[in-house]
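Source file: start11.cif. Holds: mmCIF, C-alpha atoms.
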```cif
data_protein
#
loop_
_atom_site.group_PDB
_atom_site.id
_atom_site.type_symbol
_atom_site.label_atom_id
_atom_site.label_comp_id
_atom_site.auth_asym_id
_atom_site.auth_seq_id
_atom_site.Cartn_x
_atom_site.Cartn_y
_atom_site.Cartn_z
ATOM 1 C CA MET A 1 -23.760 7.429 -17.970
ATOM 2 C CA ALA A 2 -20.305 8.929 -17.498
ATOM 3 C CA VAL A 3 -19.765 11.252 -14.559
ATOM 4 C CA PRO A 4 -17.679 14.313 -15.424
ATOM 5 C CA ILE A 5 -14.390 14.568 -13.555
ATOM 6 C CA ARG A 6 -12.973 17.940 -12.599
ATOM 7 C CA ARG A 7 -9.698 18.623 -14.380
ATOM 8 C CA CYS A 8 -7.619 18.672 -11.181
ATOM 9 C CA ASP A 9 -9.067 15.312 -10.094
ATOM 10 C CA ASP A 10 -8.376 13.902 -13.562
ATOM 11 C CA GLU A 11 -4.679 14.792 -13.313
ATOM 12 C CA GLU A 12 -4.409 13.515 -9.725
ATOM 13 C CA ILE A 13 -5.989 10.206 -10.741
ATOM 14 C CA LYS A 14 -3.633 9.812 -13.695
ATOM 15 C CA GLN A 15 -0.644 10.566 -11.464
ATOM 16 C CA ALA A 16 -1.781 8.088 -8.789
ATOM 17 C CA ILE A 17 -2.107 5.366 -11.437
ATOM 18 C CA SER A 18 1.280 6.260 -12.937
ATOM 19 C CA ASN A 19 2.869 6.120 -9.452
ATOM 20 C CA GLN A 20 1.204 2.733 -8.824
ATOM 21 C CA PHE A 21 -0.707 4.101 -5.823
ATOM 22 C CA THR A 22 -4.099 2.989 -7.202
ATOM 23 C CA TYR A 23 -5.390 -0.532 -6.613
ATOM 24 C CA MET A 24 -8.233 -2.442 -8.219
ATOM 25 C CA ILE A 25 -10.574 -4.746 -6.322
ATOM 26 C CA LEU A 26 -11.529 -7.666 -8.520
ATOM 27 C CA GLU A 27 -13.966 -10.531 -8.340
ATOM 28 C CA GLY A 28 -12.615 -12.898 -10.945
ATOM 29 C CA ASP A 29 -12.058 -10.663 -13.955
ATOM 30 C CA HIS A 30 -14.660 -8.090 -12.889
ATOM 31 C CA LEU A 31 -13.679 -4.740 -11.433
ATOM 32 C CA ILE A 32 -15.823 -4.214 -8.333
ATOM 33 C CA GLY A 33 -13.881 -1.436 -6.635
ATOM 34 C CA ALA A 34 -10.784 0.691 -6.483
ATOM 35 C CA PHE A 35 -8.826 2.859 -4.077
ATOM 36 C CA THR A 36 -5.713 4.996 -3.958
ATOM 37 C CA LEU A 37 -3.172 4.593 -1.189
ATOM 38 C CA SER A 38 -0.593 7.377 -1.273
ATOM 39 C CA PRO A 39 2.553 7.727 0.834
ATOM 40 C CA ILE A 40 2.720 11.385 -0.183
ATOM 41 C CA GLN A 41 0.514 14.140 1.219
ATOM 42 C CA SER A 42 -1.582 15.802 -1.473
ATOM 43 C CA GLU A 43 -2.660 19.433 -1.295
ATOM 44 C CA TRP A 44 -6.010 18.150 -0.024
ATOM 45 C CA ASP A 45 -4.335 16.104 2.732
ATOM 46 C CA ILE A 46 -2.350 19.138 3.833
ATOM 47 C CA HIS A 47 -5.560 21.180 3.913
ATOM 48 C CA ILE A 48 -7.435 18.557 5.958
ATOM 49 C CA PHE A 49 -4.687 17.143 8.213
ATOM 50 C CA GLY A 50 -2.023 19.866 8.141
ATOM 51 C CA VAL A 51 1.580 19.467 7.044
ATOM 52 C CA GLU A 52 3.202 16.361 8.518
ATOM 53 C CA ASP A 53 6.287 17.121 10.583
ATOM 54 C CA VAL A 54 7.217 13.454 10.232
ATOM 55 C CA ALA A 55 6.058 11.631 7.081
ATOM 56 C CA ASP A 56 4.561 8.670 8.962
ATOM 57 C CA SER A 57 1.202 8.216 7.196
ATOM 58 C CA LEU A 58 -0.397 6.644 4.166
ATOM 59 C CA TYR A 59 -3.446 8.459 2.777
ATOM 60 C CA LEU A 60 -6.487 6.601 1.478
ATOM 61 C CA HIS A 61 -8.367 8.305 -1.341
ATOM 62 C CA ARG A 62 -11.109 7.512 -3.827
ATOM 63 C CA LEU A 63 -12.375 4.305 -2.272
ATOM 64 C CA ALA A 64 -15.169 3.233 -4.592
ATOM 65 C CA ILE A 65 -17.149 0.009 -4.597
ATOM 66 C CA THR A 66 -19.666 -1.000 -7.252
ATOM 67 C CA PRO A 67 -23.104 -0.362 -5.707
ATOM 68 C CA ARG A 68 -24.321 -3.963 -5.940
ATOM 69 C CA TYR A 69 -21.278 -5.055 -3.875
ATOM 70 C CA ILE A 70 -21.808 -2.572 -1.053
ATOM 71 C CA GLY A 71 -22.643 -4.326 2.199
ATOM 72 C CA ARG A 72 -20.758 -7.517 1.284
ATOM 73 C CA GLY A 73 -17.658 -6.835 3.396
ATOM 74 C CA ILE A 74 -15.513 -5.556 0.502
ATOM 75 C CA GLY A 75 -14.375 -2.448 2.413
ATOM 76 C CA LYS A 76 -13.588 -4.401 5.556
ATOM 77 C CA ASN A 77 -11.640 -6.974 3.523
ATOM 78 C CA MET A 78 -9.772 -4.173 1.755
ATOM 79 C CA PHE A 79 -8.556 -2.763 5.084
ATOM 80 C CA GLN A 80 -7.442 -6.239 6.149
ATOM 81 C CA TRP A 81 -5.610 -6.646 2.820
ATOM 82 C CA ILE A 82 -3.851 -3.296 3.296
ATOM 83 C CA HIS A 83 -2.738 -4.311 6.780
ATOM 84 C CA GLU A 84 -1.420 -7.696 5.607
ATOM 85 C CA ASN A 85 0.067 -6.796 2.211
ATOM 86 C CA ILE A 86 1.259 -3.208 1.955
ATOM 87 C CA GLN A 87 4.995 -3.026 2.552
ATOM 88 C CA THR A 88 5.623 0.355 4.139
ATOM 89 C CA ASP A 89 7.512 2.054 6.903
ATOM 90 C CA LYS A 90 4.481 4.289 7.527
ATOM 91 C CA ILE A 91 2.790 3.920 10.901
ATOM 92 C CA TYR A 92 -0.679 5.341 10.202
ATOM 93 C CA LEU A 93 -3.407 5.161 7.618
ATOM 94 C CA LYS A 94 -5.405 8.384 7.316
ATOM 95 C CA LEU A 95 -8.587 9.186 5.470
ATOM 96 C CA ASP A 96 -11.312 11.787 5.466
ATOM 97 C CA TYR A 97 -14.955 11.682 4.563
ATOM 98 C CA MET A 98 -17.952 13.987 4.524
ATOM 99 C CA ALA A 99 -19.010 14.487 8.124
ATOM 100 C CA HIS A 100 -22.738 14.385 7.297
ATOM 101 C CA ASN A 101 -22.543 10.806 5.914
ATOM 102 C CA THR A 102 -23.325 8.988 9.146
ATOM 103 C CA LYS A 103 -23.377 5.526 7.535
ATOM 104 C CA LEU A 104 -19.808 5.725 6.205
ATOM 105 C CA ASN A 105 -18.539 7.498 9.304
ATOM 106 C CA GLN A 106 -19.923 4.618 11.379
ATOM 107 C CA PHE A 107 -18.296 2.119 8.987
ATOM 108 C CA TYR A 108 -14.869 3.706 9.501
ATOM 109 C CA GLN A 109 -15.309 3.666 13.263
ATOM 110 C CA ASN A 110 -16.422 0.008 13.095
ATOM 111 C CA THR A 111 -13.217 -0.835 11.193
ATOM 112 C CA ARG A 112 -11.178 0.545 14.099
ATOM 113 C CA PHE A 113 -10.373 3.993 12.785
ATOM 114 C CA ASP A 114 -10.198 6.744 15.380
ATOM 115 C CA LYS A 115 -12.029 9.931 14.520
ATOM 116 C CA ILE A 116 -9.512 12.694 15.189
ATOM 117 C CA GLY A 117 -11.595 15.727 14.295
ATOM 118 C CA GLU A 118 -13.246 17.627 11.466
ATOM 119 C CA THR A 119 -12.057 20.169 8.930
ATOM 120 C CA ASP A 120 -14.356 21.883 6.422
ATOM 121 C CA SER A 121 -17.211 19.423 7.074
ATOM 122 C CA HIS A 122 -14.942 16.394 6.600
ATOM 123 C CA SER A 123 -14.408 13.875 9.383
ATOM 124 C CA LYS A 124 -10.756 12.930 9.812
ATOM 125 C CA TYR A 125 -9.778 9.356 10.648
ATOM 126 C CA LEU A 126 -6.551 7.687 11.733
ATOM 127 C CA LYS A 127 -5.649 4.033 12.179
ATOM 128 C CA ARG A 128 -2.329 2.553 13.327
ATOM 129 C CA ILE A 129 -1.110 0.005 10.776
ATOM 130 C CA ARG A 130 2.444 -0.615 12.046
ATOM 131 C CA GLY A 131 4.262 -0.676 15.351
#
```

Can I see the file as structure tokens?
Amino acid sequence: MAVPIRRCDDEEIKQAISNQFTYMILEGDHLIGAFTLSPIQSEWDIHIFGVEDVADSLYLHRLAITPRYIGRGIGKNMFQWIHENIQTDKIYLKLDYMAHNTKLNQFYQNTRFDKIGETDSHSKYLKRIRG
């Protein structure tokens, strides 16, 4: 069953793919996850984190893992892959997630993200990736 995508999300997703900011997580030839890693603050990022005075962060969006692969270390391996493979001058990786989702909030803290606050019921996380 297809999940409807809001028009603004649809355009943002297309742009992220066009800009080569979206990555696929594969097992063999099977797509098991995806994520977007943007060096540019979106309107949402500005709303959640504020305008960056210095553009020193990558922003993680739309991390999705196929349900049957959840709990198999895919997310943890993805963060390791980002650290080892993304060529960037950015210092931080930032993400946000719904504050009420205790399981995912704990996951981000377990993968060495620092919780730096909340905005509009979204927990904000920061992790140093360079320097």

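Atom pair CA of Ile129 (chain A) / CA of Leu93 (chain A) has a distance of 6.5 Å (rounded to one decimal).
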
Take the PyMOL selection byres ((chain A and resi 52) around 12), apply it to the structure above, and return the hits as a PyMOL selection string.
chain A and resi 39-43+45-51+53-59+92+94

Tyr97 (chain A) proximity check over A:Lys124, A:His83, A:Lys76, A:Arg62, using only C-alpha atoms: winner is A:Lys124

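Across the model, the gap from CA of Ala99 (chain A) to CA of Glu118 (chain A) is 7.4 Å.
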
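Across the chains present, the PyMOL selection byres ((chain A and resi 26) around 12) applied to this file returns Tyr23, Met24, Ile25, Glu27, Gly28, Asp29, His30, Leu31, Ile32, Gly33, Ala34, Phe35, Ile65, Thr66, Tyr69, Ile74 and Met78 of chain A.
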
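Restricting the calculation to only C-alpha atoms, the smallest distance between Ile13 (chain A) and any of A:Gly117, A:Gly75, A:Leu37, A:Tyr108 is found for A:Leu37.
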
| Near Gln15 (chain A), counting only C-alpha atoms, which residues have an atom at most 12 Å away, once you skip same-chain residues fewer than 5 positions from it, shown as a ChimeraX atom specification? | /A:8-10,20-22,36,38,40,42

Shortest contact to Asp114 (chain A), candidates A:Gly131, A:Gly73, A:Asp96, A:Trp44, atoms counted all atoms listed in the file, goes to A:Asp96

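Between CA of Ala64 (chain A) and CA of Met98 (chain A) the interatomic distance comes to 14.4 Å.
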
Determine the residue membership of the PyMOL selection byres ((chain A and resi 111) around 10) for the file above and supply it as an MDAnalysis selection string. chainID A and resid 75:77 79:80 106:110 112:114 127

Residues as selected, C-alpha atoms, written as a compact mmCIF listing (two decimals), in the frame of the given file, can you do that?
```txt
# COMPACT_ATOMS: atom_id res chain seq x y z
CA GLY A 75 -14.38 -2.45 2.41
CA LYS A 76 -13.59 -4.40 5.56
CA ASN A 77 -11.64 -6.97 3.52
CA PHE A 79 -8.56 -2.76 5.08
CA GLN A 80 -7.44 -6.24 6.15
CA GLN A 106 -19.92 4.62 11.38
CA PHE A 107 -18.30 2.12 8.99
CA TYR A 108 -14.87 3.71 9.50
CA GLN A 109 -15.31 3.67 13.26
CA ASN A 110 -16.42 0.01 13.10
CA ARG A 112 -11.18 0.55 14.10
CA PHE A 113 -10.37 3.99 12.78
CA ASP A 114 -10.20 6.74 15.38
CA LYS A 127 -5.65 4.03 12.18
```

Kindly provide, as lines of an AutoDock Vina configuration file, the centre and edge lengths (Å, one decimal) of an axis-aligned box around all atoms of region 108-115 of chain A given in the file, with 4 Å on each side.
```
center_x = -13.3
center_y = 4.5
center_z = 12.4
size_x = 14.2
size_y = 18.8
size_z = 13.9
```

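Nearest to Asp120 (chain A) of all the residues A:His100, A:His61, A:Ile17, A:Ile86 is A:His100, based on all atoms listed in the file.
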
Find the spatial neighbours of Arg130 (chain A), counting only C-alpha atoms, within a cut-off of 8 Å - ignore same-chain residues fewer than 3 positions away - and output them as an NGL selection string. :A and (89-92)
